[in-house]
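Let me begin by presenting the structure, written as structure tokens, before commenting on it.
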Amino acid sequence: MCQLIRNDIMKKIHRKDFIKTVAVSAGAALLPIPERVQAGILQNYAFTLPPLTYPYKALEPYIDAQTMEIHHTKHHQAYINKLNEILDKEQNLKGLSLEKMLDAYTQLPVSENSKTVIRNNGGGHWNHSFFWPLLKTNTTPGGKLNEALLSVFGSMENFKTTFEKAALGQFGSGWAWLIDTGKTLQIVSTANQDNPLMQGQVQGKPILALDVWEHAYYLKYQNKRADYVKAFWQVLNWDQAEKNFLQK
Ligand code: MN3
């Protein structure tokens, strides 16, 4: 990106974000943004599909292999393709990290249509990249996150019930999240591919996420979202959640 265009973008976003963006440009070593996920997120354009670290069948019988394969190779890939397509056209955004684009998408110097494409497909790419490492069978809650959950929610049971309510209460497509607002842990839900990095949402550091789009569960659970949400506790990777929680 040429310096003039970069300066123009910088004028449109506030000082804190300016520092973030410069650091992204200068290289990963200087990056002050938490490395919230393993792959694919802090890349700049062109974005690529992060490989799963487990086979598609690894989450059976709770999430079936076919759902995982379609979800990863078709749905997630489609968000990436559409995000790259719009960035092909919006040359002046190519140097920005995905997190930066999502945080400030309303202020990006592009058309309203491009903002919507970035919101939906950039969000889709970020959310799924964050979600995949959170899935693994046979892990147990422990460590600092467990302590924090007990302190905020009183019991693991109450935390789970509250999270399930958020997942079931999200009308239509969306996500349920556990976030660290900097002051407390909070459960929120977002519509479509919105997420807690975006201005206009309850913002915080994501710790847990659950995809409640029908494409995430329909083959196995059909209209029974509640059964899918219950099954999530069998495939939640508590080790990854702890990592997300401890990440500065
Ligand atoms: Mn999905």
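Ordering of the structure tokens sets the chain letters (A, B, ...), residue numbers begin anew at 1 in every chain, and ligands are numbered from 1 in the order given.
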
Could you build a table of the residues in chain A lying no more than 6 Å from ligand 1, giving for each the nearest pair of atoms and their separation in Å rounded to one decimal place, using only C-alpha atoms and all ligand atoms, ordered by chain and ascending residue number, as a tab-separated table?
residue	atom	partner	partner_atom_place_in_ligand_line	distance
A:Asp211	CA	ligand 1	1 (Mn)	5.6
A:Trp213	CA	ligand 1	1 (Mn)	5.8
A:Ala216	CA	ligand 1	1 (Mn)	5.4

> Counting only C-alpha atoms, what is within 10 Å of Asn120 (chain A), bar same-chain residues fewer than 4 positions away, as a PyMOL selection string?
Replying inline: chain A and resi 79+82-83+102+114-116+124-125+192-195

>> Based on the backbone DSSP call, show me all residues of region 50-156 of chain A assigned helix (DSSP H, G or I), as a PyMOL selection string.
In response: chain A and resi 56-59+65-89+91-93+98-103+105-107+112-134+143-153+156

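Distances here use only C-alpha atoms; by that measure, the residue among A:Gln66, A:Thr190, A:Gln77, A:Asp239 closest to Thr139 (chain A) is A:Asp239.
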
>> Taking 3 positions as the minimum chain separation for residues in the same chain, which residues sit within 8 Å of Gln234 (chain A) when counting only C-alpha atoms? Answer as a PyMOL selection string.
In response: chain A and resi 62+137-138+230-231

Grab the residues selected above and save them as a PDB file, in the first residue's frame with all heavy atoms.
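Below you can see out_39.pdb, which holds the result:
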ATOM      1  N   TYR A  62     -20.697 -36.550  18.239  1.00  0.00           N
ATOM      2  CA  TYR A  62     -21.364 -35.289  18.616  1.00  0.00           C
ATOM      3  C   TYR A  62     -21.513 -34.342  17.422  1.00  0.00           C
ATOM      4  O   TYR A  62     -22.533 -33.698  17.245  1.00  0.00           O
ATOM      5  CB  TYR A  62     -20.594 -34.625  19.759  1.00  0.00           C
ATOM      6  CG  TYR A  62     -20.373 -35.588  20.891  1.00  0.00           C
ATOM      7  CD1 TYR A  62     -19.125 -36.171  21.118  1.00  0.00           C
ATOM      8  CD2 TYR A  62     -21.451 -35.962  21.699  1.00  0.00           C
ATOM      9  CE1 TYR A  62     -18.941 -37.087  22.139  1.00  0.00           C
ATOM     10  CE2 TYR A  62     -21.273 -36.889  22.721  1.00  0.00           C
ATOM     11  CZ  TYR A  62     -20.016 -37.446  22.935  1.00  0.00           C
ATOM     12  OH  TYR A  62     -19.838 -38.360  23.930  1.00  0.00           O
ATOM     13  N   THR A 137     -12.553 -33.623  21.684  1.00  0.00           N
ATOM     14  CA  THR A 137     -13.237 -34.429  22.701  1.00  0.00           C
ATOM     15  C   THR A 137     -12.317 -34.666  23.893  1.00  0.00           C
ATOM     16  O   THR A 137     -11.087 -34.549  23.784  1.00  0.00           O
ATOM     17  CB  THR A 137     -13.658 -35.806  22.137  1.00  0.00           C
ATOM     18  OG1 THR A 137     -12.512 -36.431  21.579  1.00  0.00           O
ATOM     19  CG2 THR A 137     -14.734 -35.666  21.067  1.00  0.00           C
ATOM     20  N   ASN A 138     -12.930 -35.013  25.003  1.00  0.00           N
ATOM     21  CA  ASN A 138     -12.192 -35.473  26.190  1.00  0.00           C
ATOM     22  C   ASN A 138     -11.209 -34.479  26.783  1.00  0.00           C
ATOM     23  O   ASN A 138     -10.092 -34.833  27.131  1.00  0.00           O
ATOM     24  CB  ASN A 138     -11.439 -36.778  25.880  1.00  0.00           C
ATOM     25  CG  ASN A 138     -12.399 -37.908  25.553  1.00  0.00           C
ATOM     26  OD1 ASN A 138     -13.409 -38.070  26.225  1.00  0.00           O
ATOM     27  ND2 ASN A 138     -12.106 -38.646  24.504  1.00  0.00           N
ATOM     28  N   LYS A 230     -26.236 -28.741  23.588  1.00  0.00           N
ATOM     29  CA  LYS A 230     -25.866 -29.642  24.698  1.00  0.00           C
ATOM     30  C   LYS A 230     -24.628 -30.465  24.339  1.00  0.00           C
ATOM     31  O   LYS A 230     -23.740 -30.668  25.172  1.00  0.00           O
ATOM     32  CB  LYS A 230     -27.013 -30.606  25.003  1.00  0.00           C
ATOM     33  CG  LYS A 230     -28.117 -30.015  25.836  1.00  0.00           C
ATOM     34  CD  LYS A 230     -27.990 -30.450  27.292  1.00  0.00           C
ATOM     35  CE  LYS A 230     -29.117 -29.884  28.147  1.00  0.00           C
ATOM     36  NZ  LYS A 230     -28.668 -28.920  29.134  1.00  0.00           N
ATOM     37  N   ALA A 231     -24.592 -30.932  23.086  1.00  0.00           N
ATOM     38  CA  ALA A 231     -23.471 -31.772  22.643  1.00  0.00           C
ATOM     39  C   ALA A 231     -22.162 -30.987  22.597  1.00  0.00           C
ATOM     40  O   ALA A 231     -21.070 -31.565  22.696  1.00  0.00           O
ATOM     41  CB  ALA A 231     -23.779 -32.364  21.265  1.00  0.00           C
TER      42      ALA A 231
END

>> Here is a test: counting only C-alpha atoms, which residue of A:Pro51, A:Gly95, A:Pro109, A:Gly204 is nearest to Ser129 (chain A)?
In response: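 Answer, going by the shortest atom-to-atom distance: A:Pro51.
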
>> I'd like the interatomic distance between CA of Ile80 (chain A) and CA of Phe130 (chain A), to a tenth of an Å.
In response: 13.9 Å

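Considering the residues A:Lys89, A:His75, A:Lys160, A:Lys220 and counting only C-alpha atoms, Pro141 (chain A) has its shortest atom-to-atom contact with A:Lys160.
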